[in-house]
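Pasted below: my_file-v8.cif, mmCIF, C-alpha atoms.
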data_work
#
loop_
_atom_site.group_PDB
_atom_site.id
_atom_site.type_symbol
_atom_site.label_atom_id
_atom_site.label_comp_id
_atom_site.auth_asym_id
_atom_site.auth_seq_id
_atom_site.Cartn_x
_atom_site.Cartn_y
_atom_site.Cartn_z
ATOM 1 C CA GLN A 1 10.297 -8.386 -11.708
ATOM 2 C CA VAL A 2 10.656 -5.658 -9.089
ATOM 3 C CA GLN A 3 11.520 -6.190 -5.450
ATOM 4 C CA LEU A 4 9.752 -4.115 -2.816
ATOM 5 C CA VAL A 5 10.960 -2.753 0.524
ATOM 6 C CA GLU A 6 8.649 -0.892 2.892
ATOM 7 C CA SER A 7 9.684 1.669 5.483
ATOM 8 C CA GLY A 8 8.187 4.377 7.646
ATOM 9 C CA GLY A 9 6.257 2.346 10.175
ATOM 10 C CA GLY A 10 6.374 3.040 13.882
ATOM 11 C CA LEU A 11 4.475 3.836 17.046
ATOM 12 C CA VAL A 12 2.093 6.777 16.997
ATOM 13 C CA GLN A 13 -0.701 8.046 19.211
ATOM 14 C CA ALA A 14 -4.292 7.985 18.063
ATOM 15 C CA GLY A 15 -4.974 11.000 15.877
ATOM 16 C CA GLY A 16 -1.394 11.092 14.657
ATOM 17 C CA SER A 17 0.073 10.642 11.209
ATOM 18 C CA LEU A 18 2.604 8.453 9.440
ATOM 19 C CA ARG A 19 3.837 8.156 5.881
ATOM 20 C CA LEU A 20 4.837 4.745 4.645
ATOM 21 C CA SER A 21 7.170 4.314 1.702
ATOM 22 C CA CYS A 22 7.708 1.344 -0.571
ATOM 23 C CA ALA A 23 10.867 1.424 -2.649
ATOM 24 C CA ALA A 24 11.056 -0.751 -5.735
ATOM 25 C CA SER A 25 14.148 -2.080 -7.410
ATOM 26 C CA GLY A 26 14.456 -2.435 -11.151
ATOM 27 C CA ARG A 27 13.604 -0.299 -14.136
ATOM 28 C CA THR A 28 10.053 -1.522 -14.706
ATOM 29 C CA PHE A 29 8.312 0.046 -11.708
ATOM 30 C CA SER A 30 6.158 2.250 -13.927
ATOM 31 C CA SER A 31 4.692 -0.903 -15.468
ATOM 32 C CA TYR A 32 3.284 -2.028 -12.141
ATOM 33 C CA ALA A 33 -0.022 -1.247 -10.539
ATOM 34 C CA MET A 34 0.595 -0.967 -6.807
ATOM 35 C CA GLY A 35 -1.359 -1.564 -3.648
ATOM 36 C CA TRP A 36 -1.148 -1.470 0.121
ATOM 37 C CA PHE A 37 -2.516 -4.183 2.371
ATOM 38 C CA ARG A 38 -2.407 -4.694 6.125
ATOM 39 C CA GLN A 39 -2.619 -7.583 8.522
ATOM 40 C CA ALA A 40 -3.526 -7.266 12.175
ATOM 41 C CA PRO A 41 -2.723 -10.039 14.679
ATOM 42 C CA GLY A 42 -5.076 -12.956 14.261
ATOM 43 C CA LYS A 43 -6.740 -11.466 11.194
ATOM 44 C CA GLU A 44 -6.601 -11.951 7.466
ATOM 45 C CA ARG A 45 -4.523 -9.639 5.315
ATOM 46 C CA GLU A 46 -6.855 -6.951 4.036
ATOM 47 C CA TYR A 47 -6.821 -4.485 1.216
ATOM 48 C CA VAL A 48 -6.148 -0.826 2.038
ATOM 49 C CA ALA A 49 -5.507 1.142 -1.157
ATOM 50 C CA ALA A 50 -4.447 0.804 -4.790
ATOM 51 C CA ILE A 51 -3.057 3.012 -7.525
ATOM 52 C CA THR A 52 -2.717 2.597 -11.261
ATOM 53 C CA ARG A 53 0.697 2.398 -12.876
ATOM 54 C CA ASN A 54 0.681 6.069 -13.892
ATOM 55 C CA GLY A 55 -0.936 7.268 -10.662
ATOM 56 C CA GLY A 56 -4.009 8.531 -12.454
ATOM 57 C CA ARG A 57 -6.539 6.561 -10.436
ATOM 58 C CA THR A 58 -6.714 5.434 -6.843
ATOM 59 C CA TYR A 59 -9.076 3.300 -4.819
ATOM 60 C CA TYR A 60 -9.519 2.895 -1.072
ATOM 61 C CA ALA A 61 -11.092 0.551 1.395
ATOM 62 C CA ASP A 62 -14.034 2.165 3.143
ATOM 63 C CA SER A 63 -12.272 1.895 6.495
ATOM 64 C CA VAL A 64 -9.493 4.280 5.425
ATOM 65 C CA LYS A 65 -11.254 6.515 2.920
ATOM 66 C CA GLY A 66 -10.673 10.172 3.756
ATOM 67 C CA ARG A 67 -7.767 9.380 6.088
ATOM 68 C CA PHE A 68 -5.245 7.560 3.885
ATOM 69 C CA THR A 69 -3.762 8.700 0.570
ATOM 70 C CA ILE A 70 -1.815 6.506 -1.818
ATOM 71 C CA SER A 71 0.571 8.127 -4.291
ATOM 72 C CA ARG A 72 3.584 7.194 -6.363
ATOM 73 C CA ASP A 73 6.730 8.710 -7.794
ATOM 74 C CA ASN A 74 7.735 6.693 -10.836
ATOM 75 C CA ALA A 75 10.925 8.692 -11.313
ATOM 76 C CA ASN A 76 12.088 7.471 -7.913
ATOM 77 C CA ASN A 77 10.486 4.017 -7.993
ATOM 78 C CA THR A 78 8.486 4.650 -4.833
ATOM 79 C CA VAL A 79 4.889 4.330 -3.719
ATOM 80 C CA TYR A 80 3.623 6.057 -0.586
ATOM 81 C CA LEU A 81 0.802 5.704 1.884
ATOM 82 C CA GLN A 82 0.080 8.892 3.806
ATOM 83 C CA MET A 83 -1.992 8.132 6.882
ATOM 84 C CA ILE A 84 -3.654 10.781 9.019
ATOM 85 C CA ASN A 85 -6.068 10.646 11.953
ATOM 86 C CA LEU A 86 -4.801 7.202 12.829
ATOM 87 C CA LYS A 87 -6.906 4.951 15.039
ATOM 88 C CA PRO A 88 -5.942 2.013 17.239
ATOM 89 C CA GLU A 89 -7.722 -0.286 14.796
ATOM 90 C CA ASP A 90 -5.204 0.749 12.126
ATOM 91 C CA THR A 91 -2.549 -1.177 14.050
ATOM 92 C CA ALA A 92 -1.142 -3.831 11.720
ATOM 93 C CA ILE A 93 1.768 -4.859 9.575
ATOM 94 C CA TYR A 94 1.477 -2.922 6.334
ATOM 95 C CA TYR A 95 2.571 -4.502 3.069
ATOM 96 C CA CYS A 96 3.004 -3.014 -0.356
ATOM 97 C CA ALA A 97 2.325 -5.147 -3.390
ATOM 98 C CA GLY A 98 2.819 -4.867 -7.122
ATOM 99 C CA GLN A 99 1.277 -6.358 -10.208
ATOM 100 C CA ARG A 100 2.571 -5.876 -13.719
ATOM 101 C CA ASP A 101 -0.168 -4.192 -15.701
ATOM 102 C CA TYR A 102 -0.671 -3.202 -19.323
ATOM 103 C CA SER A 103 -4.166 -1.762 -19.142
ATOM 104 C CA GLY A 104 -4.212 0.889 -16.436
ATOM 105 C CA ASN A 105 -6.123 -1.325 -14.030
ATOM 106 C CA LEU A 106 -6.552 -1.165 -10.274
ATOM 107 C CA TYR A 107 -6.304 -4.335 -8.219
ATOM 108 C CA ALA A 108 -8.015 -4.782 -4.856
ATOM 109 C CA ARG A 109 -7.649 -8.502 -4.223
ATOM 110 C CA ARG A 110 -4.706 -10.065 -2.503
ATOM 111 C CA ASN A 111 -4.399 -12.848 -5.078
ATOM 112 C CA GLU A 112 -4.131 -10.333 -7.910
ATOM 113 C CA TYR A 113 -0.682 -9.224 -6.785
ATOM 114 C CA ALA A 114 2.444 -11.153 -7.695
ATOM 115 C CA VAL A 115 5.106 -9.179 -5.816
ATOM 116 C CA TRP A 116 5.139 -8.359 -2.089
ATOM 117 C CA GLY A 117 7.342 -6.508 0.320
ATOM 118 C CA GLN A 118 8.321 -7.772 3.756
ATOM 119 C CA GLY A 119 6.025 -5.392 5.645
ATOM 120 C CA THR A 120 6.411 -2.571 8.139
ATOM 121 C CA GLN A 121 4.760 -2.431 11.557
ATOM 122 C CA VAL A 122 2.351 0.381 12.405
ATOM 123 C CA THR A 123 1.163 0.611 16.001
ATOM 124 C CA VAL A 124 -1.405 3.185 17.076
ATOM 125 C CA SER A 125 -1.825 3.686 20.805
ATOM 126 C CA SER A 126 -5.034 4.955 22.357
#

Will you turn the file into structure tokens for me?
Amino acid sequence: QVQLVESGGGLVQAGGSLRLSCAASGRTFSSYAMGWFRQAPGKEREYVAAITRNGGRTYYADSVKGRFTISRDNANNTVYLQMINLKPEDTAIYYCAGQRDYSGNLYARRNEYAVWGQGTQVTVSS
């Protein structure tokens, strides 16, 4: 299975932007549906966005809809999360996740994903 490594986190002021990347090892990345989750201190890990294995469909949590965009580049084994108009409540560790898929599905539940990255910290100051 693939291994995932996130990057791109950092400290940004409210209203700013960041782009997170998740690089996957292996030659089967295009067989994986991908997602982004986040976990704030003292809170459960929550779903943020998902994308089908070919990038044809995406799905977002209501809290980020219109501000975050998930995309993928299968040629370069990478999935992205573009975040604009960031808010202090977006502060969290962001994780990418992958699930091998044969049907073009989207997955929005934490327990539907088999592979996880180590996370990258995003801090939004007010």

Checklist line | Closest of A:Gln13, A:Gln39, A:Asn76, A:Thr52 to Gly26 of chain A - atom-to-atom distances counting all atoms listed in the file | finding: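 Checking each candidate against Gly26 of chain A, we get A:Asn76 as the closest.
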
Note to self: If I take atom CA of Ala23 of chain A and atom CA of Gly56 of chain A, how far is one from the other in Å, to one decimal?
What the structure shows: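 Going from atom CA of Ala23 of chain A over to atom CA of Gly56 of chain A covers 19.2 Å.
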
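Among the candidate residues A:Leu4, A:Ile51, A:Ala40, A:Ala108, the one lying nearest to Ser25 of chain A is A:Leu4, with distances computed using all atoms listed in the file.
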
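Across A:Arg110, A:Arg45, A:Arg67, A:Arg53, the tightest approach to Arg19 of chain A is made by A:Arg67 when counting all atoms listed in the file.
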
Notebook entry, point to check: What do you get, as JSON, numbers by chain, if you spell out every residue that the PyMOL selection byres ((chain A and resi 101) around 6) selects here?
Noted result: {"A": [31, 32, 33, 100, 102, 103]}

Notebook entry, point to check: Counting all atoms listed in the file, what is within 12 Å of Pro41 of chain A, bar same-chain residues fewer than 6 positions away, as a PyMOL selection string?
Noted result: chain A and resi 89-94+121-123

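Between Tyr59 of chain A and the residues A:Val5, A:Cys96, A:Ala114, A:Leu106, the shortest atom-to-atom distance, using only C-alpha atoms, involves A:Leu106.
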
Next item on the list: Kindly indicate which residue among A:Ser30, A:Thr120, A:Ser71, A:Ser17 lies nearest to Asn54 of chain A, using only C-alpha atoms for the distances.
Entry: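 Smallest distance to Asn54 of chain A is found for A:Ser30.
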